[in-house]
file data-v6.cif (mmCIF, C-alpha atoms)
data_final
loop_
_atom_site.label_atom_id
_atom_site.label_comp_id
_atom_site.auth_asym_id
_atom_site.auth_seq_id
_atom_site.Cartn_x
_atom_site.Cartn_y
_atom_site.Cartn_z
CA MET A 1293 146.01 -64.73 136.88
CA THR A 1294 148.93 -62.36 137.53
CA ARG A 1295 148.68 -60.23 140.58
CA THR A 1296 148.68 -56.47 139.90
CA VAL A 1297 150.44 -53.91 142.04
CA TYR A 1298 150.32 -50.20 141.35
CA PHE A 1299 153.47 -48.21 142.19
CA ASP A 1300 152.88 -45.24 139.86
CA ASN A 1301 151.09 -42.96 142.31
CA ALA A 1302 153.32 -39.97 141.56
CA ALA A 1303 151.88 -39.98 138.03
CA THR A 1304 148.32 -40.43 139.22
CA THR A 1305 146.99 -42.21 142.26
CA PHE A 1306 145.11 -45.44 141.73
CA PRO A 1307 142.66 -46.66 142.77
CA LYS A 1308 140.52 -43.76 143.93
CA PRO A 1309 138.31 -44.09 146.99
CA GLU A 1310 134.97 -45.57 145.95
CA CYS A 1311 133.09 -42.56 147.30
CA VAL A 1312 134.85 -40.40 144.66
CA SER A 1313 133.70 -42.36 141.63
CA TYR A 1314 130.25 -42.93 143.15
CA GLU A 1315 129.69 -39.20 143.69
CA MET A 1316 130.90 -38.38 140.18
CA TYR A 1317 128.47 -40.95 138.75
CA LYS A 1318 125.67 -39.53 140.91
CA CYS A 1319 126.52 -36.01 139.75
CA MET A 1320 126.44 -37.04 136.08
CA HIS A 1321 123.05 -38.63 136.58
CA GLU A 1322 121.38 -36.31 139.02
CA TYR A 1323 122.72 -32.77 139.10
CA CYS A 1324 125.18 -32.00 136.33
CA GLY A 1325 123.89 -28.59 135.23
CA ASN A 1326 126.23 -25.81 134.10
CA PRO A 1327 127.82 -24.12 137.13
CA GLY A 1328 127.72 -20.32 137.18
CA ARG A 1329 125.72 -19.89 134.03
CA GLY A 1330 121.93 -20.21 134.35
CA SER A 1331 119.73 -20.12 137.40
CA ASN A 1332 117.69 -23.23 136.79
CA PHE A 1333 117.59 -25.90 139.46
CA LEU A 1334 120.38 -28.03 137.99
CA ALA A 1335 122.60 -25.02 137.23
CA MET A 1336 122.26 -23.87 140.83
CA LYS A 1337 122.93 -27.35 142.19
CA ALA A 1338 126.08 -27.52 140.03
CA SER A 1339 127.13 -24.02 141.20
CA GLU A 1340 126.70 -25.08 144.82
CA THR A 1341 128.80 -28.19 144.19
CA VAL A 1342 131.63 -26.14 142.69
CA TYR A 1343 131.39 -23.68 145.58
CA ASN A 1344 131.52 -26.55 148.09
CA ALA A 1345 134.64 -27.88 146.38
CA ARG A 1346 136.24 -24.44 146.79
CA CYS A 1347 135.32 -24.52 150.50
CA SER A 1348 136.81 -28.01 150.87
CA LEU A 1349 140.14 -26.93 149.36
CA LYS A 1350 140.10 -23.74 151.42
CA ASP A 1351 139.78 -25.78 154.62
CA PHE A 1352 142.27 -28.44 153.51
CA PHE A 1353 145.07 -25.92 152.84
CA ASN A 1354 144.00 -23.13 155.22
CA ALA A 1355 143.36 -20.69 152.37
CA PRO A 1356 141.85 -17.28 153.14
CA SER A 1357 138.46 -17.78 151.47
CA ALA A 1358 136.52 -19.92 149.00
CA GLU A 1359 136.67 -17.33 146.22
CA ASN A 1360 140.47 -17.41 146.34
CA VAL A 1361 140.33 -21.00 145.11
CA ILE A 1362 140.57 -21.03 141.31
CA PHE A 1363 139.88 -24.17 139.31
CA THR A 1364 142.01 -25.10 136.32
CA PHE A 1365 142.46 -28.18 134.11
CA ASN A 1366 145.48 -29.42 136.08
CA ALA A 1367 148.52 -28.25 138.05
CA THR A 1368 150.39 -27.25 134.88
CA TYR A 1369 147.66 -24.78 133.88
CA ALA A 1370 147.59 -23.44 137.42
CA LEU A 1371 151.36 -22.91 137.45
CA ASN A 1372 151.26 -21.25 134.02
CA ILE A 1373 148.68 -18.77 135.29
CA ALA A 1374 150.61 -18.13 138.51
CA ILE A 1375 153.91 -17.57 136.69
CA LYS A 1376 152.56 -15.56 133.75
CA CYS A 1377 149.90 -13.47 135.47
CA PHE A 1378 151.13 -12.78 139.01
CA ILE A 1379 154.87 -12.16 138.73
CA MET A 1380 155.76 -8.56 138.03
CA PRO A 1381 156.92 -8.29 134.40
CA HIS A 1382 160.68 -7.92 133.84
CA SER A 1383 161.60 -9.05 137.32
CA HIS A 1384 164.05 -11.73 138.42
CA ILE A 1385 162.85 -14.97 140.02
CA LEU A 1386 164.39 -18.03 141.65
CA ILE A 1387 163.40 -21.61 140.93
CA SER A 1388 164.86 -24.78 142.42
CA ASP A 1389 167.21 -27.22 140.69
CA ILE A 1390 164.65 -30.03 140.82
CA GLU A 1391 161.69 -28.40 139.04
CA HIS A 1392 159.26 -30.33 136.89
CA ASN A 1393 158.65 -28.96 133.40
CA ALA A 1394 155.33 -27.58 134.69
CA VAL A 1395 157.43 -24.85 136.31
CA TYR A 1396 160.59 -24.96 134.22
CA ARG A 1397 159.05 -24.58 130.76
CA PRO A 1398 156.76 -21.61 131.48
CA VAL A 1399 159.64 -19.88 133.27
CA VAL A 1400 162.01 -20.51 130.35
CA SER A 1401 159.32 -19.37 127.92
CA GLN A 1402 158.89 -16.11 129.84
CA ALA A 1403 162.66 -15.64 129.93
CA VAL A 1404 163.04 -16.30 126.19
CA HIS A 1405 160.45 -13.59 125.50
CA GLY A 1406 162.30 -11.17 127.79
CA ARG A 1407 159.49 -11.05 130.36
CA LEU A 1408 161.62 -12.22 133.28
CA SER A 1409 165.05 -13.55 134.20
CA PHE A 1410 165.74 -16.44 136.54
CA ASP A 1411 168.33 -18.43 138.45
CA HIS A 1412 168.25 -21.85 140.05
CA PHE A 1413 168.83 -22.29 143.73
CA LEU A 1414 170.44 -25.54 144.86
CA THR A 1415 168.46 -28.01 146.93
CA PHE A 1416 171.42 -30.12 148.19
CA ASP A 1417 170.02 -32.96 150.30
CA GLY A 1418 167.03 -30.85 151.39
CA ASN A 1419 168.97 -29.16 154.21
CA ALA A 1420 167.09 -25.93 154.95
CA ASP A 1421 170.13 -23.90 156.05
CA LYS A 1422 172.14 -24.73 152.95
CA ILE A 1423 169.16 -24.04 150.68
CA LEU A 1424 168.45 -20.68 152.31
CA ASP A 1425 172.13 -19.71 152.08
CA ASP A 1426 172.03 -20.39 148.37
CA ILE A 1427 168.76 -18.50 147.94
CA ARG A 1428 170.29 -15.56 149.81
CA LYS A 1429 173.33 -15.58 147.54
CA LYS A 1430 171.19 -15.59 144.42
CA THR A 1431 168.66 -12.99 145.50
CA ARG A 1432 168.98 -9.76 143.52
CA ARG A 1433 167.49 -6.35 144.11
CA ASN A 1434 164.78 -7.13 141.54
CA THR A 1435 164.05 -10.71 142.67
CA LYS A 1436 160.27 -10.71 143.03
CA ALA A 1437 159.36 -14.37 143.40
CA ILE A 1438 160.49 -17.83 144.42
CA VAL A 1439 158.76 -20.56 142.46
CA CYS A 1440 159.40 -24.13 143.50
CA THR A 1441 158.02 -27.57 143.97
CA ALA A 1442 157.28 -28.74 147.50
CA ALA A 1443 158.55 -32.24 146.70
CA SER A 1444 160.40 -33.84 143.81
CA ASN A 1445 158.50 -36.09 141.42
CA ILE A 1446 161.62 -38.19 140.82
CA CYS A 1447 163.06 -38.87 144.25
CA ASN A 1448 161.98 -38.41 147.85
CA LEU A 1449 163.50 -34.96 148.25
CA ARG A 1450 161.15 -32.50 149.93
CA LEU A 1451 161.88 -28.79 150.21
CA PRO A 1452 161.60 -26.82 153.47
CA ILE A 1453 158.70 -24.76 152.19
CA GLN A 1454 157.94 -23.16 155.55
CA LYS A 1455 161.43 -21.66 155.78
CA ILE A 1456 161.58 -20.68 152.11
CA GLY A 1457 158.14 -19.08 152.47
CA GLN A 1458 159.24 -17.07 155.48
CA TYR A 1459 162.32 -15.85 153.56
CA ALA A 1460 160.14 -14.85 150.60
CA LYS A 1461 157.75 -12.99 152.90
CA ASP A 1462 160.58 -11.20 154.72
CA HIS A 1463 161.96 -10.03 151.38
CA GLY A 1464 158.64 -8.96 149.86
CA MET A 1465 158.65 -11.74 147.28
CA LEU A 1466 155.85 -13.93 146.02
CA PHE A 1467 156.16 -17.58 147.00
CA ILE A 1468 154.57 -19.84 144.37
CA VAL A 1469 154.46 -23.52 145.30
CA ASP A 1470 153.90 -26.54 143.08
CA ALA A 1471 152.24 -28.93 145.51
CA SER A 1472 151.68 -31.71 142.96
CA GLN A 1473 153.83 -34.25 144.82
CA LEU A 1474 153.17 -33.18 148.39
CA ALA A 1475 149.47 -32.36 148.61
CA GLY A 1476 147.68 -35.29 150.22
CA HIS A 1477 150.94 -36.88 151.44
CA THR A 1478 151.54 -34.39 154.22
CA ALA A 1479 149.55 -31.44 155.55
CA ILE A 1480 150.19 -28.07 153.89
CA ASP A 1481 149.15 -24.84 155.60
CA MET A 1482 149.25 -21.83 153.28
CA GLN A 1483 149.42 -19.36 156.16
CA ASN A 1484 152.11 -21.14 158.20
CA SER A 1485 154.25 -21.59 155.10
CA CYS A 1486 153.63 -18.02 153.84
CA ILE A 1487 152.57 -19.39 150.45
CA SER A 1488 151.36 -16.68 148.07
CA ILE A 1489 149.99 -19.10 145.46
CA LEU A 1490 149.53 -22.85 145.86
CA CYS A 1491 149.05 -24.97 142.74
CA GLY A 1492 148.20 -28.64 142.38
CA PRO A 1493 146.10 -31.26 140.62
CA PHE A 1494 143.07 -33.19 141.90
CA HIS A 1495 144.31 -36.58 140.73
CA LYS A 1496 147.55 -37.23 142.55
CA GLY A 1497 147.83 -37.26 146.35
CA LEU A 1498 144.36 -35.80 146.77
CA TYR A 1499 142.82 -38.91 145.12
CA GLY A 1500 140.40 -36.87 143.03
CA PRO A 1501 139.64 -37.25 139.33
CA GLN A 1502 141.96 -36.32 136.45
CA GLY A 1503 141.26 -33.16 134.44
CA GLY A 1504 141.10 -30.82 137.42
CA GLY A 1505 143.60 -28.60 139.16
CA PHE A 1506 143.64 -25.64 141.47
CA MET A 1507 145.44 -22.37 142.02
CA ILE A 1508 144.84 -20.93 145.49
CA VAL A 1509 145.74 -17.28 145.88
CA ASN A 1510 146.51 -15.94 149.33
CA LYS A 1511 145.19 -12.59 150.56
CA ASN A 1512 146.81 -9.41 149.22
CA VAL A 1513 148.25 -11.12 146.15
CA GLU A 1514 147.39 -9.20 142.97
CA ALA A 1515 147.38 -10.35 139.35
CA TYR A 1516 148.83 -8.33 136.49
CA SER A 1517 146.89 -10.00 133.69
CA THR A 1518 144.78 -12.98 132.69
CA LEU A 1519 145.96 -15.95 130.66
CA ILE A 1520 142.77 -17.38 129.12
CA GLU A 1521 139.76 -15.24 128.31
CA GLY A 1522 136.21 -16.27 127.53
CA GLY A 1523 132.78 -16.78 129.03
CA SER A 1524 132.62 -16.46 132.79
CA GLY A 1525 128.88 -16.35 133.42
CA VAL A 1526 129.09 -12.82 134.74
CA ASN A 1527 129.18 -9.36 133.10
CA SER A 1528 128.53 -10.89 129.68
CA LEU A 1529 128.24 -7.49 127.98
CA ASP A 1530 131.71 -6.48 129.12
CA MET A 1531 134.47 -7.28 126.63
CA ARG A 1532 136.95 -7.88 129.44
CA MET A 1533 137.19 -10.66 132.00
CA PRO A 1534 135.75 -9.90 135.45
CA HIS A 1535 138.32 -8.46 137.84
CA THR A 1536 137.22 -10.56 140.79
CA LEU A 1537 138.49 -13.96 141.86
CA PRO A 1538 137.86 -16.71 140.99
CA GLU A 1539 136.07 -15.91 137.72
CA MET A 1540 138.95 -13.75 136.47
CA PHE A 1541 140.89 -16.97 135.77
CA GLU A 1542 138.04 -19.35 135.00
CA ALA A 1543 136.98 -18.88 131.38
CA GLY A 1544 134.68 -21.64 130.16
CA THR A 1545 132.64 -24.29 131.92
CA LEU A 1546 134.14 -25.91 134.99
CA SER A 1547 133.88 -29.64 135.69
CA THR A 1548 131.01 -30.24 138.11
CA PRO A 1549 131.67 -34.02 138.30
CA GLY A 1550 135.32 -33.16 138.99
CA ALA A 1551 134.30 -30.84 141.82
CA ALA A 1552 131.90 -33.46 143.20
CA GLY A 1553 134.64 -36.10 143.16
CA LEU A 1554 137.14 -33.75 144.77
CA ILE A 1555 134.82 -32.97 147.67
CA LYS A 1556 134.51 -36.68 148.46
CA ALA A 1557 138.25 -37.25 148.01
CA LEU A 1558 139.09 -34.49 150.50
CA GLU A 1559 136.49 -35.82 152.92
CA TYR A 1560 138.13 -39.24 152.62
CA LEU A 1561 141.61 -37.86 153.34
CA SER A 1562 140.37 -35.76 156.25
CA THR A 1563 138.66 -38.76 157.79
CA ALA A 1564 141.79 -40.88 157.33
CA ASP A 1565 143.73 -38.00 158.94
CA MET A 1566 146.84 -36.56 157.29
CA ASN A 1567 149.05 -37.59 160.22
CA ASN A 1568 148.00 -41.22 159.81
CA ILE A 1569 148.54 -41.07 156.07
CA GLU A 1570 152.02 -39.61 156.50
CA ARG A 1571 152.95 -42.24 159.09
CA TYR A 1572 151.65 -45.08 156.92
CA GLU A 1573 153.50 -43.89 153.82
CA LYS A 1574 156.72 -43.49 155.82
CA ARG A 1575 156.44 -47.07 157.04
CA LEU A 1576 155.91 -48.39 153.51
CA SER A 1577 158.71 -46.18 152.27
CA ALA A 1578 161.14 -47.67 154.80
CA MET A 1579 160.08 -51.18 153.73
CA LEU A 1580 160.56 -50.34 150.06
CA ARG A 1581 164.05 -48.95 150.72
CA GLU A 1582 164.94 -52.12 152.61
CA VAL A 1583 163.88 -54.25 149.63
CA PHE A 1584 165.87 -52.19 147.12
CA THR A 1585 169.03 -52.23 149.22
CA LYS A 1586 169.00 -56.05 149.18
CA TYR A 1587 169.95 -56.07 145.51
CA ASN A 1588 173.48 -55.03 144.59
CA GLN A 1589 172.45 -54.50 140.96
CA ILE A 1590 170.10 -51.67 141.99
CA CYS A 1591 171.20 -48.10 142.63
CA ILE A 1592 168.77 -45.70 144.36
CA HIS A 1593 169.19 -42.10 143.21
CA GLY A 1594 168.43 -39.21 145.53
CA ASP A 1595 167.31 -41.07 148.62
CA TYR A 1596 167.07 -38.17 151.07
CA ASN A 1597 164.21 -38.77 153.48
CA ASP A 1598 160.96 -40.54 154.20
CA GLY A 1599 158.89 -39.66 151.14
CA GLY A 1600 157.36 -42.42 149.06
CA VAL A 1601 159.08 -41.76 145.71
CA PHE A 1602 162.16 -43.77 144.66
CA SER A 1603 164.17 -43.57 141.46
CA LEU A 1604 166.40 -46.47 140.52
CA THR A 1605 168.75 -47.65 137.86
CA SER A 1606 170.04 -51.16 137.42
CA GLU A 1607 173.45 -52.39 136.28
CA THR A 1608 171.87 -55.16 134.28
CA HIS A 1609 168.72 -53.67 132.74
CA SER A 1610 167.81 -50.33 131.17
CA PRO A 1611 164.90 -48.52 132.87
CA GLU A 1612 162.61 -49.48 129.97
CA GLU A 1613 163.66 -53.14 130.13
CA LEU A 1614 163.13 -53.27 133.86
CA ALA A 1615 159.74 -51.53 133.54
CA CYS A 1616 158.73 -54.03 130.90
CA ILE A 1617 159.70 -57.06 133.03
CA LEU A 1618 157.93 -55.63 136.07
CA ASP A 1619 154.85 -54.89 133.97
CA SER A 1620 154.74 -58.46 132.70
CA ASN A 1621 154.67 -59.46 136.38
CA GLY A 1622 151.78 -57.08 137.06
CA ILE A 1623 153.87 -54.37 138.72
CA MET A 1624 153.13 -50.91 137.36
CA ILE A 1625 155.84 -48.27 137.65
CA ARG A 1626 157.15 -45.50 135.39
CA SER A 1627 160.41 -45.47 133.46
CA GLY A 1628 162.09 -42.57 131.67
CA HIS A 1629 162.77 -38.95 132.49
CA HIS A 1630 159.57 -38.02 134.33
CA CYS A 1631 159.35 -34.50 132.77
CA ALA A 1632 161.97 -33.16 135.17
CA PRO A 1633 165.28 -32.53 133.36
CA LEU A 1634 166.74 -30.34 136.12
CA CYS A 1635 166.35 -33.05 138.73
CA HIS A 1636 167.92 -35.66 136.44
CA LYS A 1637 170.88 -33.34 136.00
CA LYS A 1638 171.21 -33.06 139.77
CA LEU A 1639 170.96 -36.84 140.21
CA LYS A 1640 173.23 -37.49 137.20
CA THR A 1641 170.62 -39.68 135.56
CA ALA A 1642 169.90 -37.49 132.54
CA LYS A 1643 171.46 -39.98 130.10
CA THR A 1644 169.56 -43.06 131.12
CA GLY A 1645 166.48 -41.87 132.96
CA THR A 1646 165.30 -43.96 135.89
CA VAL A 1647 162.68 -46.42 137.02
CA ARG A 1648 160.37 -44.71 139.48
CA PHE A 1649 158.37 -46.37 142.23
CA SER A 1650 155.84 -44.17 144.00
CA LEU A 1651 153.61 -45.13 146.89
CA GLY A 1652 150.02 -44.31 147.70
CA ILE A 1653 147.66 -44.99 150.57
CA PHE A 1654 146.23 -48.08 148.91
CA ASN A 1655 149.61 -49.83 148.73
CA THR A 1656 150.16 -52.54 151.30
CA GLU A 1657 153.06 -54.40 152.89
CA SER A 1658 152.00 -57.39 150.82
CA ASP A 1659 152.53 -55.31 147.62
CA ILE A 1660 156.11 -54.73 148.70
CA ASP A 1661 156.63 -58.41 149.53
CA TYR A 1662 155.37 -59.27 146.07
CA LEU A 1663 157.76 -56.75 144.49
CA ASP A 1664 160.58 -58.33 146.47
CA SER A 1665 159.72 -61.77 145.10
CA VAL A 1666 159.71 -60.44 141.53
CA LEU A 1667 163.01 -58.58 141.99
CA LYS A 1668 164.50 -61.80 143.36
CA LYS A 1669 163.46 -63.59 140.14
CA ILE A 1670 165.01 -60.82 138.04
CA PHE A 1671 168.27 -60.33 139.87
CA ILE A 1672 169.05 -63.56 141.69
CA SER A 1673 167.56 -66.57 139.93
CA MET L 679 106.55 -6.48 146.29
CA ASN L 680 107.86 -7.45 149.69
CA LYS L 681 111.11 -8.83 148.31
CA CYS L 682 114.50 -7.25 148.13
CA VAL L 683 117.23 -8.30 145.68
CA PHE L 684 120.92 -7.62 146.21
CA SER L 685 122.82 -7.78 142.89
CA ILE L 686 126.24 -9.12 143.75
CA GLY L 687 128.22 -10.36 140.76
CA SER L 688 129.35 -13.91 140.13
CA VAL L 689 127.52 -16.98 141.39
CA THR L 690 130.50 -17.66 143.70
CA HIS L 691 130.06 -14.37 145.50
CA ALA L 692 126.26 -14.74 145.52
CA ILE L 693 126.51 -18.17 147.20
CA LYS L 694 129.01 -16.74 149.66
CA ALA L 695 126.50 -13.97 150.48
CA GLN L 696 123.61 -16.41 150.78
CA ARG L 697 125.58 -18.58 153.22
CA ALA L 698 126.71 -15.56 155.23
CA LEU L 699 123.07 -14.52 155.69
CA SER L 700 122.04 -18.09 156.43
CA GLU L 701 124.62 -18.30 159.23
CA HIS L 702 122.72 -15.41 160.83
CA SER L 703 119.32 -17.00 160.26
CA ILE L 704 118.35 -14.75 157.37
CA PRO L 705 116.67 -16.81 154.65
CA SER L 706 117.61 -15.90 151.08
CA LYS L 707 118.06 -17.53 147.70
CA VAL L 708 120.53 -17.06 144.89
CA VAL L 709 118.91 -15.53 141.81
CA LYS L 710 120.09 -14.34 138.43
CA THR L 711 119.48 -10.64 137.81
CA ASN L 712 120.22 -8.17 135.05
CA ASN L 713 120.30 -5.24 137.36
CA ASP L 714 123.95 -4.55 137.84
CA ARG L 715 124.88 -0.90 138.27
CA HIS L 716 126.92 -0.67 135.08
CA ASN L 717 124.60 -2.74 132.86
CA ARG L 718 127.33 -5.22 131.98
CA GLY L 719 124.99 -8.18 131.62
CA CYS L 720 124.54 -11.36 133.62
CA THR L 721 124.78 -10.96 137.37
CA TYR L 722 123.88 -13.14 140.28
CA GLY L 723 122.46 -11.88 143.49
CA ILE L 724 120.40 -12.90 146.48
CA GLU L 725 116.72 -12.36 147.12
CA THR L 726 115.37 -12.00 150.63
CA GLU L 727 112.26 -10.67 152.36
CA LEU L 728 112.14 -6.89 152.63
CA VAL L 729 111.87 -7.24 156.38
CA TYR L 730 115.45 -8.57 156.49
CA LYS L 731 116.89 -5.82 154.32
CA SER L 732 118.66 -3.75 156.97
CA ASN L 733 120.17 -6.79 158.68
CA ALA L 734 121.26 -8.17 155.32
CA VAL L 735 122.94 -4.87 154.47
CA ARG L 736 124.79 -4.89 157.76
CA LEU L 737 125.99 -8.47 157.27
CA LEU L 738 127.05 -8.04 153.65
CA ASP L 739 129.05 -4.98 154.66
CA MET L 740 130.56 -6.90 157.53
CA TYR L 741 131.65 -9.73 155.20
CA GLY L 742 132.99 -7.26 152.64
CA ILE L 743 130.61 -8.45 149.93
CA GLY L 744 129.79 -5.75 147.36
CA TYR L 745 126.17 -5.34 146.21
CA VAL L 746 123.59 -3.10 144.56
CA ILE L 747 120.09 -3.14 146.04
CA ASN L 748 117.04 -3.54 143.83
CA ASN L 749 113.68 -3.32 145.51
CA ASN L 750 110.91 -5.22 143.73
#

call {"tool": "encode", "arguments": {"input": "data-v6.cif", "output": "structure tokens"}}
result
Amino acid sequence: MTRTVYFDNAATTFPKPECVSYEMYKCMHEYCGNPGRGSNFLAMKASETVYNARCSLKDFFNAPSAENVIFTFNATYALNIAIKCFIMPHSHILISDIEHNAVYRPVVSQAVHGRLSFDHFLTFDGNADKILDDIRKKTRRNTKAIVCTAASNICNLRLPIQKIGQYAKDHGMLFIVDASQLAGHTAIDMQNSCISILCGPFHKGLYGPQGGGFMIVNKNVEAYSTLIEGGSGVNSLDMRMPHTLPEMFEAGTLSTPGAAGLIKALEYLSTADMNNIERYEKRLSAMLREVFTKYNQICIHGDYNDGGVFSLTSETHSPEELACILDSNGIMIRSGHHCAPLCHKKLKTAKTGTVRFSLGIFNTESDIDYLDSVLKKIFIS
Amino acid sequence: MNKCVFSIGSVTHAIKAQRALSEHSIPSKVVKTNNDRHNRGCTYGIETELVYKSNAVRLLDMYGIGYVINNN
């Protein structure tokens, strides 16, 4: 039987901690009422579970309070709400040159409809001084927000969010952060990094289930509108959405099993300790780099620091061919353009796409040794 | 007759209120009420013993949690 190795953790982490799936199963069987709707025993148990999940995220990211944690379907929905409902209409914003389409497309859509204008700031090799210089140059009198990812989903470039956040705060701008590729890989503190709105999914570095995301709004950040309207379980006779967080942005039933799984996932990460996780991933990342650099036919694109995401091309195989060969050897990676056209432009890989390897906490040194043996078969024998 | 209900709003805010009171040893439970000030429909609140009313008021004010009091 072929050994299987999972290196597609930037798409979704796998496996999940057992406690996550166990709690979701338990929830489905024992307490999956409708949260925030009725007041029967199961409805209240579900409501408590969702509230506990808000508290867990609040503690994990040092958010101001549980009600500032808004649940969405995924990070993309969260970013759409943040961009379309919190940025002052007709203002100018800055986004980075490595954004995922989860940021890029809603921003372009708003610009096409004349609701805002935007510029890209350059991320260079992640150097904070150079990035801030470029942000300074591109800031206009009506620049009201900086929206950017905390870490690329294509390469291991991470942005200096603490310094960008401080700049945004000093200039009275909102700082909206897509934490999809950083949350769970390194600690994020909303207050230290002056983050106005933090968005992310459950299912990547947080090791929670798919189908859930969050938008955490810092204190004194006001919305201009809602994006989705519907039942909220409160003020049912009012034709408008409630004006209070989190219900203002939570039309429809939330996922109680998702919340139950997330609580356990965050408990798991907290017990493992974020410092340990970061150290472990850095060690694996260094090993992975060492393996790739052994093969002359492989080119690493955008290798800037210690993060666990690598994009490669090969002289001898297209990304799809390489992905296919690796898959037949039980190694799961992702090939293509990874929904991030801006970053491909920066890395000059827009024509071909890349093969992406991304690490998670369940990867081992033995996984990397196995990859090495398969690469040897492909490129040397 | 010896109960006091604070209408609060969403279940999130009601649970927050219930836990705030609990931290100060005031027992309460989250209940669904229809007694919001503006008659806008479904509202959640917390129910506690009348004897705790003044302390509950003080704590809810301290935590910045809005409410309307309904005495049963």

call {"tool": "residues_around", "arguments": {"input": "data-v6.cif", "residues": "Asp1426 in chain A", "least_positions_apart": "4", "cutoff": "7 Å", "atoms": "all atoms listed in the file", "output": "JSON, numbers by chain"}}
result
{"A": [1413, 1414, 1422, 1430]}

call {"tool": "atom_distance", "arguments": {"input": "data-v6.cif", "atom1": "CA of Leu1498 in chain A", "atom2": "CA of His1477 in chain A"}}
result
8.1 Å

call {"tool": "resolve_selection", "arguments": {"input": "data-v6.cif", "expression": "the PyMOL selection byres ((chain L) within 9 of (chain A))", "output": "PyMOL selection string"}}
result
chain L and resi 687-691+693-694+708-710+714+717-722

call {"tool": "axis_aligned_box", "arguments": {"input": "data-v6.cif", "around": "range 1433-1450 of chain A", "padding_each_side": "6 Å", "output": "AutoDock Vina command-line options"}}
result
--center_x 162.4 --center_y -22.6 --center_z 145.4 --size_x 22.2 --size_y 44.5 --size_z 21.1

call {"tool": "resolve_selection", "arguments": {"input": "data-v6.cif", "expression": "the PyMOL selection byres ((chain A and resi 1352) around 12)", "output": "PyMOL selection string"}}
result
chain A and resi 1345-1351+1353-1358+1361+1475-1476+1478-1483+1490+1498+1508+1554-1555+1557-1563+1565-1566

call {"tool": "closest_residue", "arguments": {"input": "data-v6.cif", "among": "A:Met1533, A:Met1540, A:Leu1386, A:Ile1625", "to": "Leu1466 in chain A", "atoms": "all atoms listed in the file"}}
result
A:Leu1386

call {"tool": "resolve_selection", "arguments": {"input": "data-v6.cif", "expression": "the PyMOL selection byres ((chain L and resi 707) around 8)", "output": "short mmCIF file (atom, residue, chain, number, x, y, z; two decimals) with C-alpha atoms, in the coordinates of the input"}}
result
data_model
loop_
_atom_site.label_atom_id
_atom_site.label_comp_id
_atom_site.auth_asym_id
_atom_site.auth_seq_id
_atom_site.Cartn_x
_atom_site.Cartn_y
_atom_site.Cartn_z
CA GLN L 696 123.61 -16.41 150.78
CA PRO L 705 116.67 -16.81 154.65
CA SER L 706 117.61 -15.90 151.08
CA VAL L 708 120.53 -17.06 144.89
CA VAL L 709 118.91 -15.53 141.81
CA ILE L 724 120.40 -12.90 146.48
CA GLU L 725 116.72 -12.36 147.12
CA THR L 726 115.37 -12.00 150.63
#

call {"tool": "residues_around", "arguments": {"input": "data-v6.cif", "residues": "range 1398-1411 of chain A", "least_positions_apart": "6", "cutoff": "9 Å", "atoms": "all atoms listed in the file", "output": "ChimeraX atom specification"}}
result
/A:1371-1372,1375-1376,1379-1388,1430-1431,1435

call {"tool": "residues_around", "arguments": {"input": "data-v6.cif", "residues": "Leu737 in chain L", "least_positions_apart": "2", "cutoff": "10 Å", "atoms": "all atoms listed in the file", "output": "compact mmCIF listing (two decimals) with C-alpha atoms, in the coordinates of the input"}}
result
# COMPACT_ATOMS: atom_id res chain seq x y z
CA ALA L 695 126.50 -13.97 150.48
CA ALA L 698 126.71 -15.56 155.23
CA LEU L 699 123.07 -14.52 155.69
CA HIS L 702 122.72 -15.41 160.83
CA ILE L 704 118.35 -14.75 157.37
CA LYS L 731 116.89 -5.82 154.32
CA SER L 732 118.66 -3.75 156.97
CA ASN L 733 120.17 -6.79 158.68
CA ALA L 734 121.26 -8.17 155.32
CA VAL L 735 122.94 -4.87 154.47
CA ASP L 739 129.05 -4.98 154.66
CA MET L 740 130.56 -6.90 157.53
CA TYR L 741 131.65 -9.73 155.20
CA GLY L 742 132.99 -7.26 152.64
CA ILE L 743 130.61 -8.45 149.93

call {"tool": "closest_residue", "arguments": {"input": "data-v6.cif", "among": "A:Cys1377, A:Ala1335, A:Ile1468, A:Cys1319", "to": "Phe1541 in chain A", "atoms": "all atoms listed in the file"}}
result
A:Cys1377

call {"tool": "atom_distance", "arguments": {"input": "data-v6.cif", "atom1": "CA of Ala1302 in chain A", "atom2": "CA of Tyr1499 in chain A"}}
result
11.1 Å

call {"tool": "atom_distance", "arguments": {"input": "data-v6.cif", "atom1": "CA of Ser1620 in chain A", "atom2": "CA of Val1297 in chain A"}}
result
11.2 Å

call {"tool": "closest_residue", "arguments": {"input": "data-v6.cif", "among": "A:Ser1673, A:Asn1360, A:Asn1621, A:Ser1313", "to": "Ala1552 in chain A", "atoms": "all atoms listed in the file"}}
result
A:Ser1313
